[in-house]
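Engineer: Below is the file target-v8.txt, which contains compact mmCIF, C-alpha atoms.
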```
# COMPACT_ATOMS: atom_id res chain seq x y z
CA MET A 1 8.57 -7.28 -22.53
CA GLN A 2 6.67 -10.45 -21.69
CA MET A 3 7.81 -10.25 -18.09
CA SER A 4 5.27 -7.62 -17.07
CA GLN A 5 2.35 -9.60 -18.53
CA LYS A 6 2.79 -12.25 -15.89
CA LEU A 7 2.17 -9.70 -13.16
CA TYR A 8 -1.43 -10.17 -12.06
CA LEU A 9 -2.95 -7.14 -10.32
CA PRO A 10 -6.41 -7.64 -8.75
CA THR A 11 -9.04 -4.99 -7.92
CA MET A 12 -7.91 -4.83 -4.31
CA GLY A 13 -4.86 -5.99 -2.36
CA CYS A 14 -3.92 -6.44 1.28
CA GLY A 15 -1.31 -4.39 3.13
CA THR A 16 0.85 -6.27 5.62
CA TRP A 17 2.59 -3.46 7.51
CA ALA A 18 1.00 -4.69 10.75
CA TRP A 19 2.34 -8.24 10.27
CA GLY A 20 5.43 -7.94 12.42
CA ASN A 21 5.14 -4.32 13.58
CA ARG A 22 4.98 -4.04 17.38
CA LEU A 23 5.41 -0.32 17.68
CA LEU A 24 2.39 0.94 15.74
CA TRP A 25 0.23 -2.16 15.44
CA GLY A 26 1.02 -4.24 18.53
CA TYR A 27 2.01 -7.38 16.65
CA ASP A 28 3.06 -10.53 18.46
CA GLU A 29 3.72 -14.05 17.22
CA SER A 30 0.54 -15.46 18.77
CA MET A 31 -1.31 -13.64 15.94
CA ASP A 32 0.29 -15.77 13.20
CA ASP A 33 -2.54 -18.32 12.90
CA GLN A 34 -5.06 -15.52 12.60
CA LEU A 35 -2.89 -13.84 9.94
CA GLN A 36 -2.71 -17.09 8.01
CA GLY A 37 -6.52 -17.12 8.11
CA VAL A 38 -6.52 -13.59 6.73
CA PHE A 39 -4.18 -14.63 3.91
CA ASN A 40 -6.28 -17.67 2.98
CA LEU A 41 -9.56 -15.74 3.03
CA CYS A 42 -8.10 -12.96 0.89
CA VAL A 43 -6.67 -15.23 -1.80
CA SER A 44 -9.80 -17.36 -2.03
CA ASN A 45 -11.81 -14.15 -2.58
CA GLY A 46 -9.58 -12.81 -5.35
CA VAL A 47 -7.55 -10.47 -3.14
CA THR A 48 -4.23 -11.84 -4.34
CA LEU A 49 -1.88 -8.84 -4.07
CA PHE A 50 0.06 -8.64 -0.79
CA ASP A 51 2.12 -5.55 -0.18
CA THR A 52 5.07 -5.75 2.19
CA GLY A 53 8.48 -4.16 2.67
CA ASP A 54 11.94 -5.28 3.70
CA SER A 55 11.78 -2.74 6.55
CA TYR A 56 8.53 -4.19 7.96
CA GLY A 57 8.94 -5.85 11.32
CA THR A 58 10.63 -4.14 14.22
CA GLY A 59 13.88 -5.14 15.94
CA ARG A 60 14.25 -8.89 16.28
CA LEU A 61 11.25 -9.24 14.00
CA ASN A 62 12.93 -7.48 11.08
CA GLY A 63 11.66 -9.02 7.81
CA GLN A 64 8.88 -10.84 9.70
CA SER A 65 6.15 -9.72 7.30
CA GLU A 66 8.02 -11.26 4.35
CA ARG A 67 8.73 -14.48 6.27
CA LEU A 68 5.06 -14.88 7.14
CA LEU A 69 3.93 -14.19 3.57
CA GLY A 70 6.37 -16.76 2.26
CA ARG A 71 5.10 -19.39 4.66
CA PHE A 72 1.42 -18.60 4.05
CA SER A 73 1.75 -18.68 0.26
CA ARG A 74 3.61 -22.02 0.40
CA GLU A 75 0.97 -23.59 2.64
CA TYR A 76 -2.03 -22.21 0.75
CA LEU A 77 -3.62 -24.83 -1.51
CA GLY A 78 -6.96 -23.25 -2.44
CA SER A 79 -8.16 -21.42 -5.52
CA GLY A 80 -6.34 -18.33 -6.76
CA LYS A 81 -2.91 -19.65 -5.77
CA GLU A 82 -1.51 -19.01 -9.27
CA ASN A 83 -2.51 -15.32 -9.01
CA ILE A 84 -0.70 -14.60 -5.73
CA CYS A 85 1.41 -11.50 -6.24
CA ILE A 86 3.87 -10.58 -3.50
CA ALA A 87 5.00 -6.99 -3.76
CA THR A 88 7.86 -5.87 -1.59
CA LYS A 89 9.29 -2.40 -1.12
CA LEU A 90 13.05 -2.03 -0.73
CA ALA A 91 14.02 0.72 1.71
CA ALA A 92 16.37 3.47 0.54
CA TYR A 93 18.50 3.05 3.66
CA PRO A 94 21.41 5.51 3.92
CA TRP A 95 23.86 2.60 3.62
CA ARG A 96 22.32 1.35 0.36
CA LEU A 97 24.41 3.22 -2.13
CA THR A 98 25.03 0.99 -5.12
CA ARG A 99 22.90 -0.75 -7.71
CA SER A 100 24.18 -4.10 -6.46
CA SER A 101 22.95 -3.25 -2.94
CA MET A 102 19.39 -3.17 -4.33
CA VAL A 103 19.87 -6.49 -6.12
CA SER A 104 21.22 -8.04 -2.89
CA ALA A 105 18.32 -6.55 -0.91
CA CYS A 106 15.80 -8.13 -3.25
CA LYS A 107 17.59 -11.47 -3.08
CA ALA A 108 17.46 -11.27 0.73
CA SER A 109 13.70 -10.61 0.51
CA ALA A 110 13.30 -13.59 -1.84
CA LYS A 111 15.20 -15.73 0.67
CA ARG A 112 12.86 -14.71 3.50
CA LEU A 113 9.88 -15.38 1.22
CA GLY A 114 11.25 -18.68 -0.04
CA ARG A 115 10.27 -17.56 -3.56
CA ASN A 116 10.97 -14.71 -5.93
CA VAL A 117 9.45 -11.30 -5.33
CA ASP A 118 6.77 -10.65 -7.99
CA LEU A 119 6.69 -6.86 -7.85
CA VAL A 120 9.70 -5.00 -6.47
CA GLN A 121 9.18 -1.38 -5.47
CA MET A 122 11.38 1.52 -4.41
CA HIS A 123 10.01 2.28 -0.91
CA TRP A 124 10.61 6.00 -1.17
CA SER A 125 12.53 8.54 -3.20
CA THR A 126 15.63 10.15 -1.74
CA ALA A 127 15.10 13.19 -4.01
CA ASN A 128 14.02 15.41 -1.09
CA TYR A 129 17.14 14.92 1.00
CA ALA A 130 19.87 12.95 -0.85
CA PRO A 131 19.20 13.24 -4.59
CA TRP A 132 22.67 11.87 -5.38
CA GLN A 133 21.76 8.53 -3.79
CA GLU A 134 18.76 7.71 -5.93
CA GLY A 135 20.23 7.05 -9.38
CA ALA A 136 22.16 3.93 -8.37
CA LEU A 137 19.19 2.52 -6.44
CA LEU A 138 16.89 2.96 -9.43
CA ASP A 139 19.49 1.31 -11.66
CA GLY A 140 19.48 -1.64 -9.27
CA LEU A 141 15.69 -1.82 -9.50
CA ALA A 142 15.87 -1.93 -13.30
CA ASP A 143 18.65 -4.57 -13.09
CA LEU A 144 16.32 -6.85 -11.10
CA TYR A 145 13.76 -6.72 -13.91
CA GLN A 146 16.31 -7.21 -16.67
CA GLN A 147 17.88 -10.16 -14.85
CA GLY A 148 14.44 -11.80 -14.65
CA LEU A 149 14.47 -11.83 -10.84
CA VAL A 150 11.09 -10.03 -10.64
CA LYS A 151 8.00 -9.82 -12.83
CA GLY A 152 7.52 -6.10 -12.45
CA VAL A 153 8.92 -2.89 -11.00
CA GLY A 154 7.05 -0.21 -9.05
CA LEU A 155 7.63 2.98 -7.10
CA SER A 156 6.22 4.33 -3.86
CA ASN A 157 5.69 7.90 -2.56
CA TYR A 158 6.67 9.57 -5.86
CA GLY A 159 4.95 12.69 -7.17
CA PRO A 160 4.29 13.42 -10.87
CA LYS A 161 7.37 15.51 -11.57
CA ARG A 162 9.80 12.94 -10.17
CA LEU A 163 7.77 10.08 -11.65
CA LYS A 164 8.15 11.48 -15.18
CA GLN A 165 11.93 11.74 -14.74
CA VAL A 166 12.24 8.18 -13.46
CA HIS A 167 9.89 6.88 -16.16
CA GLN A 168 12.11 8.44 -18.82
CA LYS A 169 15.19 6.84 -17.28
CA PHE A 170 13.47 3.43 -17.29
CA VAL A 171 12.15 3.79 -20.85
CA GLU A 172 15.75 4.19 -21.98
CA ARG A 173 16.51 0.81 -20.40
CA GLY A 174 13.37 -0.84 -21.75
CA VAL A 175 11.94 -1.38 -18.26
CA PRO A 176 8.22 -0.62 -17.75
CA ILE A 177 7.01 0.83 -14.44
CA ALA A 178 4.00 -1.28 -13.50
CA THR A 179 2.74 0.49 -10.38
CA LEU A 180 3.07 3.52 -8.16
CA GLN A 181 1.74 3.52 -4.64
CA VAL A 182 0.88 6.59 -2.61
CA GLN A 183 -1.11 7.36 0.50
CA TYR A 184 -4.62 7.86 -0.87
CA SER A 185 -7.96 7.98 0.89
CA LEU A 186 -10.86 10.36 1.53
CA LEU A 187 -8.55 11.96 4.10
CA SER A 188 -5.47 12.04 1.90
CA THR A 189 -6.25 13.23 -1.60
CA TYR A 190 -3.16 15.45 -1.88
CA PRO A 191 -0.88 13.45 -4.23
CA VAL A 192 -3.73 12.56 -6.56
CA THR A 193 -5.95 15.65 -6.56
CA THR A 194 -3.52 18.48 -5.80
CA LEU A 195 -0.53 17.12 -7.72
CA GLY A 196 -2.54 15.52 -10.57
CA LEU A 197 -0.77 12.20 -10.13
CA LYS A 198 -3.55 9.98 -11.50
CA ASP A 199 -3.53 11.72 -14.89
CA VAL A 200 0.22 11.27 -15.21
CA CYS A 201 -0.06 7.57 -14.28
CA ASP A 202 -2.81 7.11 -16.88
CA GLN A 203 -0.66 8.74 -19.57
CA LEU A 204 2.28 6.51 -18.71
CA GLY A 205 0.26 3.29 -18.29
CA ILE A 206 1.07 2.95 -14.60
CA LYS A 207 -1.45 1.49 -12.15
CA LEU A 208 -1.95 3.51 -8.98
CA ILE A 209 -1.99 1.61 -5.67
CA ALA A 210 -3.69 3.35 -2.74
CA TYR A 211 -2.09 2.61 0.61
CA SER A 212 -3.76 3.52 3.90
CA PRO A 213 -7.21 3.75 2.20
CA LEU A 214 -8.81 3.77 5.67
CA ALA A 215 -6.40 6.44 6.98
CA LEU A 216 -4.91 4.09 9.63
CA GLY A 217 -8.46 3.20 10.71
CA LEU A 218 -9.86 6.73 11.07
CA LEU A 219 -12.40 6.10 8.28
CA THR A 220 -13.80 2.94 9.86
CA GLY A 221 -16.03 5.01 12.16
CA LYS A 222 -14.85 3.00 15.17
CA TYR A 223 -13.20 5.97 16.81
CA SER A 224 -15.77 8.73 16.45
CA ASP A 225 -17.12 8.83 20.01
CA GLY A 226 -14.04 9.50 22.10
CA ARG A 227 -12.65 5.97 21.82
CA PHE A 228 -9.10 5.97 20.58
CA PRO A 229 -6.62 3.26 19.66
CA LYS A 230 -3.59 2.84 21.90
CA GLY A 231 -0.21 4.41 21.34
CA MET A 232 0.90 6.62 18.47
CA ARG A 233 -2.27 6.20 16.43
CA GLY A 234 -4.32 7.44 19.39
CA LEU A 235 -2.28 10.64 19.62
CA LEU A 236 -2.73 11.28 15.91
CA PHE A 237 -6.48 10.54 15.98
CA ARG A 238 -7.05 12.98 18.85
CA GLN A 239 -5.60 15.74 16.69
CA ILE A 240 -7.41 14.87 13.48
CA LEU A 241 -10.86 13.59 14.54
CA PRO A 242 -12.50 16.89 15.52
CA GLY A 243 -11.80 18.32 12.07
CA VAL A 244 -13.18 15.37 10.09
CA ARG A 245 -16.59 14.81 11.67
CA SER A 246 -18.45 16.18 8.62
CA LEU A 247 -16.69 13.68 6.34
CA LEU A 248 -17.39 10.80 8.74
CA SER A 249 -21.08 11.64 8.90
CA CYS A 250 -21.29 11.80 5.09
CA LEU A 251 -19.54 8.43 4.94
CA GLN A 252 -21.99 7.05 7.48
CA GLU A 253 -25.01 8.26 5.49
CA VAL A 254 -23.79 6.64 2.28
CA ALA A 255 -22.96 3.43 4.19
CA GLN A 256 -26.42 3.25 5.76
CA SER A 257 -28.26 3.84 2.49
CA ARG A 258 -26.13 1.15 0.82
CA ASN A 259 -26.34 -1.27 3.73
CA LYS A 260 -22.52 -1.35 3.83
CA THR A 261 -20.01 -0.36 6.50
CA MET A 262 -18.10 2.92 6.47
CA SER A 263 -14.88 1.01 5.75
CA GLN A 264 -16.44 -0.68 2.74
CA VAL A 265 -17.61 2.65 1.32
CA ALA A 266 -14.20 4.28 1.91
CA ILE A 267 -12.41 1.39 0.14
CA ASN A 268 -14.96 1.30 -2.68
CA TRP A 269 -14.43 5.04 -3.24
CA CYS A 270 -10.72 4.27 -3.91
CA ILE A 271 -11.73 1.54 -6.38
CA CYS A 272 -14.10 3.94 -8.14
CA LYS A 273 -11.17 6.33 -8.52
CA GLU A 274 -9.44 3.56 -10.52
CA THR A 275 -6.82 2.77 -7.91
CA ILE A 276 -5.98 -0.55 -6.23
CA PRO A 277 -6.58 -0.03 -2.50
CA ILE A 278 -4.49 -2.18 -0.14
CA PRO A 279 -6.21 -1.99 3.26
CA GLY A 280 -4.45 -3.93 5.99
CA ALA A 281 -6.11 -6.67 8.03
CA LYS A 282 -4.98 -8.19 11.31
CA SER A 283 -8.03 -10.40 11.86
CA VAL A 284 -10.31 -12.56 9.76
CA GLU A 285 -13.19 -10.21 10.67
CA GLN A 286 -11.32 -7.20 9.28
CA ALA A 287 -10.43 -9.14 6.13
CA LYS A 288 -14.09 -10.13 5.65
CA GLU A 289 -15.12 -6.53 6.03
CA ASN A 290 -12.54 -5.36 3.48
CA ILE A 291 -13.68 -8.02 1.01
CA GLY A 292 -17.22 -6.60 1.35
CA ALA A 293 -15.95 -3.55 -0.58
CA LEU A 294 -15.79 -5.69 -3.74
CA GLY A 295 -18.49 -6.60 -6.24
CA TRP A 296 -20.44 -3.32 -6.30
CA HIS A 297 -19.81 0.35 -7.11
CA LEU A 298 -20.81 3.67 -5.63
CA ASP A 299 -22.82 5.75 -8.09
CA SER A 300 -21.66 9.13 -9.40
CA SER A 301 -23.81 11.18 -7.02
CA GLU A 302 -22.48 9.28 -3.99
CA ILE A 303 -18.93 9.77 -5.24
CA SER A 304 -19.40 13.52 -5.71
CA GLU A 305 -20.99 13.84 -2.25
CA LEU A 306 -17.97 12.08 -0.72
CA ASP A 307 -15.58 14.18 -2.84
CA LYS A 308 -17.25 17.36 -1.57
CA ALA A 309 -17.06 16.19 2.04
CA ALA A 310 -13.39 15.26 1.57
CA MET A 311 -12.63 18.71 0.15
CA SER A 312 -14.26 20.50 3.07
CA VAL A 313 -12.52 18.82 6.02
CA ASP A 314 -10.36 21.03 8.25
CA LYS A 315 -7.78 18.37 9.00
CA LYS A 316 -6.11 16.04 6.54
CA MET A 317 -4.04 12.96 7.21
CA VAL A 318 -0.36 13.68 7.81
CA GLN A 319 1.48 13.22 4.51
CA ASN A 320 4.36 10.81 4.20
CA ILE A 321 7.53 12.87 4.68
CA PHE A 322 9.11 11.11 1.71
CA GLN A 323 6.35 12.00 -0.76
CA THR A 324 7.96 13.94 -3.60
CA LYS A 325 6.47 16.52 -5.97
```
Just give me the structure of the file as structure tokens.
Structural biologist:
Amino acid sequence: MQMSQKLYLPTMGCGTWAWGNRLLWGYDESMDDQLQGVFNLCVSNGVTLFDTGDSYGTGRLNGQSERLLGRFSREYLGSGKENICIATKLAAYPWRLTRSSMVSACKASAKRLGRNVDLVQMHWSTANYAPWQEGALLDGLADLYQQGLVKGVGLSNYGPKRLKQVHQKFVERGVPIATLQVQYSLLSTYPVTTLGLKDVCDQLGIKLIAYSPLALGLLTGKYSDGRFPKGMRGLLFRQILPGVRSLLSCLQEVAQSRNKTMSQVAINWCICKETIPIPGAKSVEQAKENIGALGWHLDSSEISELDKAAMSVDKKMVQNIFQTK
């Protein structure tokens, strides 16, 4: 089992959903230099985990996030290079039906990256709608580890019940599950708090990765006074914002007393909950701000204040439709 030891997981990572996504994030290729700056700044500050997916990048830009990550990691020459960990999620597309289709998918990702994938993850479980499909895909995931094509295997959007079943299946093959990522933030505590997912992960030795720790930007405080982002995020924010004002003002108070930003407090809260948050960054400024969440910790009274505020909000973030029990 030496394979999994080579997988280096830092305190915080960087999500790259926006790197190639026009629809939700307004990506275009003129942003690539800025994104390379984000990559370089992250790695040189110890943020060496980059989370992507083979479905990231819309239309003609399919796989763009992986291509960019491959190029940036090749061209990066600074400190921390040896710790770069590229984690990709393979989509459970309806036409992926065999274990070899997962192996081929990972090889295609590696080709776009120009290097092997470090951590390969199942993007979502098909248990909710096509349970018969999942077994072969999970077998393919385990094959990738056993063939030495990846350093570690992870899951995404799995709940505790399904996680235990998959874990058992993998134990029988001698394949450890390194990570599980779920949507987790002050506005999305459901999988962790309600389903008790963290305890199960701790028992099984699985590290929890928190995606969308800023709830698509809602927790940054930028959108509290009637300003909304464009497009689909704007529509969502209009629905959710009125019900989360109490949480945002609690976040703001803690941020002011700490001389930090609301984003930094929201990310630090995830770290204090022993998860690895992977906030996205489209600009060097955003990356700098995210990095400011490292190197300090909220104290227990601040955490319980934020927990209370999170419990009392009227509106929660919309859950991922693929999240299983």
Engineer: Report as CSV: every residue of range 140-213 of chain A with an atom at most 9 Å from range 84-107 of chain A, its closest pair of atoms, and their distance in Å to one decimal, counting only C-alpha atoms, with rows sorted by chain and ascending residue number.
Structural biologist:
```
residue,atom,partner,partner_atom,distance
A:Gly140,CA,A:Arg99,CA,3.9
A:Leu141,CA,A:Met102,CA,6.5
A:Asp143,CA,A:Val103,CA,7.3
A:Leu144,CA,A:Val103,CA,6.1
A:Leu149,CA,A:Lys107,CA,8.4
A:Val150,CA,A:Cys106,CA,9.0
A:Gly154,CA,A:Lys89,CA,8.5
A:Leu155,CA,A:Lys89,CA,8.2
A:Ser156,CA,A:Lys89,CA,7.9
```
Engineer: I'd like the contact shell of range 165-173 of chain A - 9 Å cut-off, all atoms listed in the file, skipping same-chain residues fewer than 2 positions apart - returned as a PyMOL selection string.
Structural biologist: chain A and resi 138-139+142+146+160-163+175-177+204
Engineer: Env of range 33-48 of chain A: 9 Å cut, atoms = only C-alpha atoms, seq-sep filter 2 positions within chain, self excluded. Answer as a PDB file with C-alpha atoms, in the coordinates of the input.
Structural biologist:
```pdb
ATOM      1  CA  TYR A   8      -1.430 -10.170 -12.060  1.00  0.00           C
ATOM      2  CA  LEU A   9      -2.950  -7.140 -10.320  1.00  0.00           C
ATOM      3  CA  PRO A  10      -6.410  -7.640  -8.750  1.00  0.00           C
ATOM      4  CA  THR A  11      -9.040  -4.990  -7.920  1.00  0.00           C
ATOM      5  CA  MET A  12      -7.910  -4.830  -4.310  1.00  0.00           C
ATOM      6  CA  GLY A  13      -4.860  -5.990  -2.360  1.00  0.00           C
ATOM      7  CA  CYS A  14      -3.920  -6.440   1.280  1.00  0.00           C
ATOM      8  CA  TRP A  19       2.340  -8.240  10.270  1.00  0.00           C
ATOM      9  CA  GLU A  29       3.720 -14.050  17.220  1.00  0.00           C
ATOM     10  CA  SER A  30       0.540 -15.460  18.770  1.00  0.00           C
ATOM     11  CA  MET A  31      -1.310 -13.640  15.940  1.00  0.00           C
ATOM     12  CA  PHE A  50       0.060  -8.640  -0.790  1.00  0.00           C
ATOM     13  CA  LEU A  68       5.060 -14.880   7.140  1.00  0.00           C
ATOM     14  CA  LEU A  69       3.930 -14.190   3.570  1.00  0.00           C
ATOM     15  CA  ARG A  71       5.100 -19.390   4.660  1.00  0.00           C
ATOM     16  CA  PHE A  72       1.420 -18.600   4.050  1.00  0.00           C
ATOM     17  CA  SER A  73       1.750 -18.680   0.260  1.00  0.00           C
ATOM     18  CA  TYR A  76      -2.030 -22.210   0.750  1.00  0.00           C
ATOM     19  CA  LEU A  77      -3.620 -24.830  -1.510  1.00  0.00           C
ATOM     20  CA  GLY A  78      -6.960 -23.250  -2.440  1.00  0.00           C
ATOM     21  CA  SER A  79      -8.160 -21.420  -5.520  1.00  0.00           C
ATOM     22  CA  GLY A  80      -6.340 -18.330  -6.760  1.00  0.00           C
ATOM     23  CA  LYS A  81      -2.910 -19.650  -5.770  1.00  0.00           C
ATOM     24  CA  ASN A  83      -2.510 -15.320  -9.010  1.00  0.00           C
ATOM     25  CA  ILE A  84      -0.700 -14.600  -5.730  1.00  0.00           C
ATOM     26  CA  CYS A  85       1.410 -11.500  -6.240  1.00  0.00           C
ATOM     27  CA  ILE A  86       3.870 -10.580  -3.500  1.00  0.00           C
ATOM     28  CA  ALA A 281      -6.110  -6.670   8.030  1.00  0.00           C
ATOM     29  CA  LYS A 282      -4.980  -8.190  11.310  1.00  0.00           C
ATOM     30  CA  SER A 283      -8.030 -10.400  11.860  1.00  0.00           C
ATOM     31  CA  VAL A 284     -10.310 -12.560   9.760  1.00  0.00           C
ATOM     32  CA  GLU A 285     -13.190 -10.210  10.670  1.00  0.00           C
ATOM     33  CA  GLN A 286     -11.320  -7.200   9.280  1.00  0.00           C
ATOM     34  CA  ALA A 287     -10.430  -9.140   6.130  1.00  0.00           C
ATOM     35  CA  LYS A 288     -14.090 -10.130   5.650  1.00  0.00           C
ATOM     36  CA  ILE A 291     -13.680  -8.020   1.010  1.00  0.00           C
TER      37      ILE A 291
END
```
Engineer: In the coordinates of the file, take the point (0.7, 4.9, -12.1) and a cut-off of 12 Å; then, counting all atoms listed in the file, name each qualifying protein, DNA or RNA residue as number ranges by chain.
Structural biologist: A: 153-160, 163-164, 167, 176-182, 191-192, 196-210, 274-276
Engineer: How far is it from CA of Leu298 in chain A to CA of Arg258 in chain A, in Å with one decimal?
Structural biologist: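 Pair CA of Leu298 in chain A / CA of Arg258 in chain A returns 8.7 Å.
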Engineer: Each side padded by 5 Å, which centre and which edge lengths in Å (one decimal) define the axis-aligned box around the listed atoms of range 189-202 of chain A? Give them as AutoDock Vina command-line options.
Structural biologist:
```
--center_x -3.0 --center_y 12.8 --center_z -9.2 --size_x 16.5 --size_y 21.4 --size_z 25.3
```
Engineer: In Å, rounded to a single decimal, give me how far CA of Cys250 in chain A is from CA of Asp307 in chain A.
Structural biologist: 10.1 Å
Engineer: Which residues, written as a PyMOL selection string, have at least one atom at most 12 Å from Glu305 in chain A, with all atoms listed in the file counted and residues fewer than 6 positions away on the same chain left out?
Structural biologist: chain A and resi 186+246-254+269+298-299+311-312
